[in-house]
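Peer 1: I am sharing my_file.cif, which consists of mmCIF, C-alpha atoms:
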```
data_my_file
loop_
_atom_site.group_PDB
_atom_site.id
_atom_site.type_symbol
_atom_site.label_atom_id
_atom_site.label_comp_id
_atom_site.auth_asym_id
_atom_site.auth_seq_id
_atom_site.Cartn_x
_atom_site.Cartn_y
_atom_site.Cartn_z
ATOM 1 C CA ALA A 1 95.027 117.236 86.761
ATOM 2 C CA ALA A 2 94.389 117.234 83.005
ATOM 3 C CA SER A 3 96.718 114.293 82.376
ATOM 4 C CA SER A 4 95.157 112.443 85.325
ATOM 5 C CA SER A 5 91.638 112.844 83.968
ATOM 6 C CA ARG A 6 92.854 111.964 80.454
ATOM 7 C CA GLY A 7 94.417 108.771 81.838
ATOM 8 C CA ARG A 8 91.186 107.912 83.661
ATOM 9 C CA ALA A 9 89.136 108.546 80.498
ATOM 10 C CA CYS A 10 91.588 106.434 78.512
ATOM 11 C CA TRP A 11 91.210 103.567 81.032
ATOM 12 C CA GLN A 12 87.409 103.769 80.803
ATOM 13 C CA LEU A 13 87.549 103.642 77.001
ATOM 14 C CA ARG A 14 89.851 100.611 77.101
ATOM 15 C CA TRP A 15 87.623 98.850 79.649
ATOM 16 C CA ARG A 16 84.447 99.413 77.644
ATOM 17 C CA ALA A 17 86.140 98.289 74.441
ATOM 18 C CA GLY A 18 87.287 95.002 75.955
ATOM 19 C CA PHE A 19 90.910 95.938 76.639
ATOM 20 C CA SER A 20 91.549 97.236 73.125
ATOM 21 C CA SER A 21 94.425 99.560 72.362
ATOM 22 C CA LEU A 22 92.472 102.804 72.100
ATOM 23 C CA CYS A 23 95.047 104.430 74.370
ATOM 24 C CA PRO A 24 98.363 102.677 73.737
ATOM 25 C CA MET A 25 101.482 103.408 75.706
ATOM 26 C CA THR A 26 103.817 105.984 74.213
ATOM 27 C CA HIS A 27 107.549 105.673 73.790
ATOM 28 C CA HIS A 28 107.984 108.691 76.101
ATOM 29 C CA GLN A 29 106.867 106.460 78.987
ATOM 30 C CA LEU A 30 109.522 103.858 78.256
ATOM 31 C CA ALA A 31 113.065 103.602 79.519
ATOM 32 C CA PRO A 32 115.678 100.891 79.100
ATOM 33 C CA GLY A 33 114.684 97.997 81.336
ATOM 34 C CA SER A 34 110.916 98.592 80.973
ATOM 35 C CA LEU A 35 108.993 95.332 80.653
ATOM 36 C CA ILE A 36 106.367 95.272 77.905
ATOM 37 C CA TRP A 37 104.123 92.986 75.846
ATOM 38 C CA ILE A 38 104.366 93.190 72.045
ATOM 39 C CA ARG A 39 102.170 91.652 69.362
ATOM 40 C CA ASP A 40 103.362 88.306 67.989
ATOM 41 C CA GLU A 41 101.984 86.276 65.078
ATOM 42 C CA GLU A 42 102.397 82.909 66.826
ATOM 43 C CA GLU A 43 101.995 83.660 70.530
ATOM 44 C CA ILE A 44 99.564 86.613 70.193
ATOM 45 C CA TRP A 45 101.574 88.555 72.845
ATOM 46 C CA LYS A 46 105.286 88.179 73.553
ATOM 47 C CA ALA A 47 107.170 89.381 76.621
ATOM 48 C CA ALA A 48 110.027 91.786 75.966
ATOM 49 C CA GLU A 49 112.348 94.229 77.692
ATOM 50 C CA VAL A 50 113.214 97.662 76.314
ATOM 51 C CA VAL A 51 116.897 97.957 75.414
ATOM 52 C CA SER A 52 116.790 101.478 73.974
ATOM 53 C CA VAL A 53 114.439 104.142 72.628
ATOM 54 C CA SER A 54 115.681 106.315 69.785
ATOM 55 C CA GLY A 55 113.473 108.535 67.663
ATOM 56 C CA GLY A 56 110.512 106.403 66.643
ATOM 57 C CA ASP A 57 112.324 103.076 67.147
ATOM 58 C CA ILE A 58 112.170 100.921 70.256
ATOM 59 C CA LYS A 59 114.823 98.196 70.457
ATOM 60 C CA LEU A 60 113.770 95.178 72.496
ATOM 61 C CA LYS A 61 115.054 91.868 73.776
ATOM 62 C CA THR A 62 112.356 89.210 74.030
ATOM 63 C CA ASP A 63 112.277 86.544 76.723
ATOM 64 C CA ASP A 64 113.577 84.182 73.994
ATOM 65 C CA ASP A 65 116.676 86.465 73.708
ATOM 66 C CA ASP A 66 115.640 87.615 70.224
ATOM 67 C CA GLN A 67 116.481 91.209 69.304
ATOM 68 C CA VAL A 68 113.427 93.039 67.908
ATOM 69 C CA THR A 69 112.817 96.629 66.843
ATOM 70 C CA ILE A 70 109.305 98.064 66.841
ATOM 71 C CA LYS A 71 107.991 101.506 65.987
ATOM 72 C CA ASP A 72 106.578 103.747 68.695
ATOM 73 C CA THR A 73 103.292 103.609 66.776
ATOM 74 C CA ASP A 74 103.072 99.801 67.183
ATOM 75 C CA THR A 75 100.755 98.361 69.831
ATOM 76 C CA PHE A 76 102.412 97.401 73.114
ATOM 77 C CA HIS A 77 101.427 97.230 76.773
ATOM 78 C CA MET A 78 103.329 97.502 80.035
ATOM 79 C CA ARG A 79 104.060 94.156 81.662
ATOM 80 C CA ASN A 80 103.475 93.311 85.320
ATOM 81 C CA MET A 81 106.517 92.132 87.231
ATOM 82 C CA ASP A 82 106.330 88.528 88.384
ATOM 83 C CA GLU A 83 106.531 88.386 92.160
ATOM 84 C CA TYR A 84 108.210 85.550 94.014
ATOM 85 C CA THR A 85 107.821 84.434 97.611
ATOM 86 C CA GLU A 86 109.590 81.698 99.546
ATOM 87 C CA ASP A 87 106.993 79.304 98.058
ATOM 88 C CA GLY A 88 107.814 80.318 94.470
ATOM 89 C CA LEU A 89 105.920 82.414 91.954
ATOM 90 C CA SER A 90 103.082 84.377 93.559
ATOM 91 C CA ILE A 91 99.821 83.924 91.641
ATOM 92 C CA LEU A 92 96.972 86.396 92.233
ATOM 93 C CA ASP A 93 93.465 85.049 92.844
ATOM 94 C CA ASP A 94 91.839 88.311 91.667
ATOM 95 C CA LEU A 95 93.021 89.902 88.435
ATOM 96 C CA THR A 96 91.874 93.350 89.557
ATOM 97 C CA MET A 97 94.949 93.323 91.806
ATOM 98 C CA LEU A 98 97.242 93.486 88.748
ATOM 99 C CA THR A 99 99.071 96.778 88.339
ATOM 100 C CA HIS A 100 98.512 96.723 84.582
ATOM 101 C CA LEU A 101 95.145 95.224 83.614
ATOM 102 C CA HIS A 102 94.830 94.642 79.875
ATOM 103 C CA GLU A 103 94.480 91.744 77.436
ATOM 104 C CA PRO A 104 98.074 90.403 77.583
ATOM 105 C CA ALA A 105 98.193 90.698 81.396
ATOM 106 C CA VAL A 106 94.920 88.801 81.793
ATOM 107 C CA LEU A 107 95.953 86.073 79.339
ATOM 108 C CA HIS A 108 99.371 85.675 80.998
ATOM 109 C CA SER A 109 97.858 85.421 84.485
ATOM 110 C CA LEU A 110 95.276 82.870 83.343
ATOM 111 C CA LYS A 111 98.024 80.808 81.680
ATOM 112 C CA LEU A 112 100.137 80.806 84.848
ATOM 113 C CA ARG A 113 97.141 79.708 86.928
ATOM 114 C CA TYR A 114 96.136 77.054 84.356
ATOM 115 C CA ASP A 115 99.667 75.608 84.396
ATOM 116 C CA ILE A 116 99.364 74.895 88.134
ATOM 117 C CA ASP A 117 95.761 73.601 87.951
ATOM 118 C CA ARG A 118 94.171 76.711 89.493
ATOM 119 C CA ILE A 119 91.362 76.938 86.975
ATOM 120 C CA TYR A 120 89.140 79.408 88.868
ATOM 121 C CA THR A 121 90.112 83.089 88.848
ATOM 122 C CA PHE A 122 88.223 86.173 89.971
ATOM 123 C CA THR A 123 88.131 89.510 88.181
ATOM 124 C CA GLY A 124 86.315 91.553 90.778
ATOM 125 C CA PRO A 125 82.906 89.886 91.217
ATOM 126 C CA ILE A 126 83.280 87.854 87.994
ATOM 127 C CA LEU A 127 84.531 84.275 88.174
ATOM 128 C CA ILE A 128 86.538 83.002 85.201
ATOM 129 C CA ALA A 129 86.667 79.208 84.847
ATOM 130 C CA LEU A 130 89.053 77.462 82.478
ATOM 131 C CA ASN A 131 88.400 73.929 81.273
ATOM 132 C CA PRO A 132 91.424 71.856 82.365
ATOM 133 C CA PHE A 133 90.603 69.017 79.925
ATOM 134 C CA LYS A 134 91.719 66.629 82.650
ATOM 135 C CA ARG A 135 90.736 65.490 86.116
ATOM 136 C CA ILE A 136 92.292 67.589 88.890
ATOM 137 C CA ARG A 137 92.754 65.586 92.062
ATOM 138 C CA GLY A 138 91.214 67.226 95.133
ATOM 139 C CA LEU A 139 89.433 69.998 93.234
ATOM 140 C CA TYR A 140 85.952 69.073 94.404
ATOM 141 C CA ASP A 141 86.806 66.813 97.343
ATOM 142 C CA ASP A 142 85.909 67.754 100.899
#
```
Show me this structure written as structure tokens.

Peer 2:
Amino acid sequence: AASSSRGRACWQLRWRAGFSSLCPMTHHQLAPGSLIWIRDEEEIWKAAEVVSVSGGDIKLKTDDDDQVTIKDTDTFHMRNMDEYTEDGLSILDDLTMLTHLHEPAVLHSLKLRYDIDRIYTFTGPILIALNPFKRIRGLYDD
């Protein structure tokens, strides 16, 4: 019960702080094959998969097939698994349905939706609108 309430308190702190890393994941929660987001100078967040955890080092393989080692004290977040249907990649209309809701998950979901011209996204009762910088055929047609 104590760890459950600590996790809930941690979530509330992160939510109030705008998805900051007040309660980062720990290396004890990682296993080879875990999907995570790591900080990146160019892309802000980069997708990676845990290869191994040893002492304070976490060896990763990024989606670009680069090998990276981070410290267990570095900031990282768990990554949501992309879900596919017979129609292709499944895109959620409401971000509160994400298993892991934090800055990299929100940015990734918005990017996926933007790439397929779905510029309106809900986060609970809040509507997020992205400027497409182009005309989207059928967006406002009857």

Peer 1: Care to translate the PyMOL selection byres ((chain A and resi 78) around 8) into actual residues of this file, as a PyMOL selection string?

Peer 2: chain A and resi 25+34-37+76-77+79-80+100

Peer 1: Check the smallest atom-to-atom distance from each of A:Asp74, A:Asp57, A:Asp117, A:Asp82 to Leu98 in chain A using all atoms listed in the file, then report the winner.

Peer 2: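 Using all atoms listed in the file, Leu98 in chain A sits closest to A:Asp82.
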
Peer 1: If you measure from CA of Ile70 in chain A to CA of Ile58 in chain A, what distance in Å do you get, rounded to one decimal?

Peer 2: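 These atoms are spaced 5.3 Å apart.
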
Peer 1: Go through A:Glu83, A:Ser109, A:Pro104, A:Lys71 one by one, measure the shortest atom-to-atom distance of each to Lys46 in chain A using only C-alpha atoms, and give the residue with the smallest value.

Peer 2: A:Pro104

Peer 1: Selection in question (the file shown): the PyMOL selection byres ((chain A and resi 114) around 12). Which residues does it include, as a PyMOL selection string?

Peer 2: chain A and resi 91+93+107-113+115-121+128-134+136

Peer 1: Report the distance between CA of Ile38 in chain A and CA of Lys61 in chain A in Å, rounded to one decimal place.

Peer 2: 10.9 Å

Peer 1: Can you work out which one of A:Leu139, A:Leu60, A:Ala47, A:Val68 has the shortest atom-to-atom distance to Met81 in chain A, counting all atoms listed in the file?

Peer 2: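 Comparing A:Leu139, A:Leu60, A:Ala47, A:Val68 against Met81 in chain A, the winner is A:Ala47.
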
Peer 1: With 6 Å added on each side, what axis-aligned box encloses every listed atom of range 129-140 of chain A? Give the centre and edge lengths in Å to one decimal, as JSON.

Peer 2:
```
{"center_x": 89.4, "center_y": 72.3, "center_z": 87.5, "size_x": 18.8, "size_y": 25.7, "size_z": 27.2}
```

Peer 1: Give me, please, the distance in Å between CA of Glu103 in chain A and CA of Thr75 in chain A, quoted to one decimal.

Peer 2: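 Computed distance, CA of Glu103 in chain A to CA of Thr75 in chain A, equals 11.9 Å.
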
Peer 1: Find the spatial neighbours of Ser52 in chain A, counting only C-alpha atoms, within a cut-off of 9 Å - ignore same-chain residues fewer than 6 positions away - and output them as a list of chain:residue names.

Peer 2: A:Leu30, A:Ala31, A:Pro32, A:Gly33, A:Ile58, A:Lys59, A:Leu60
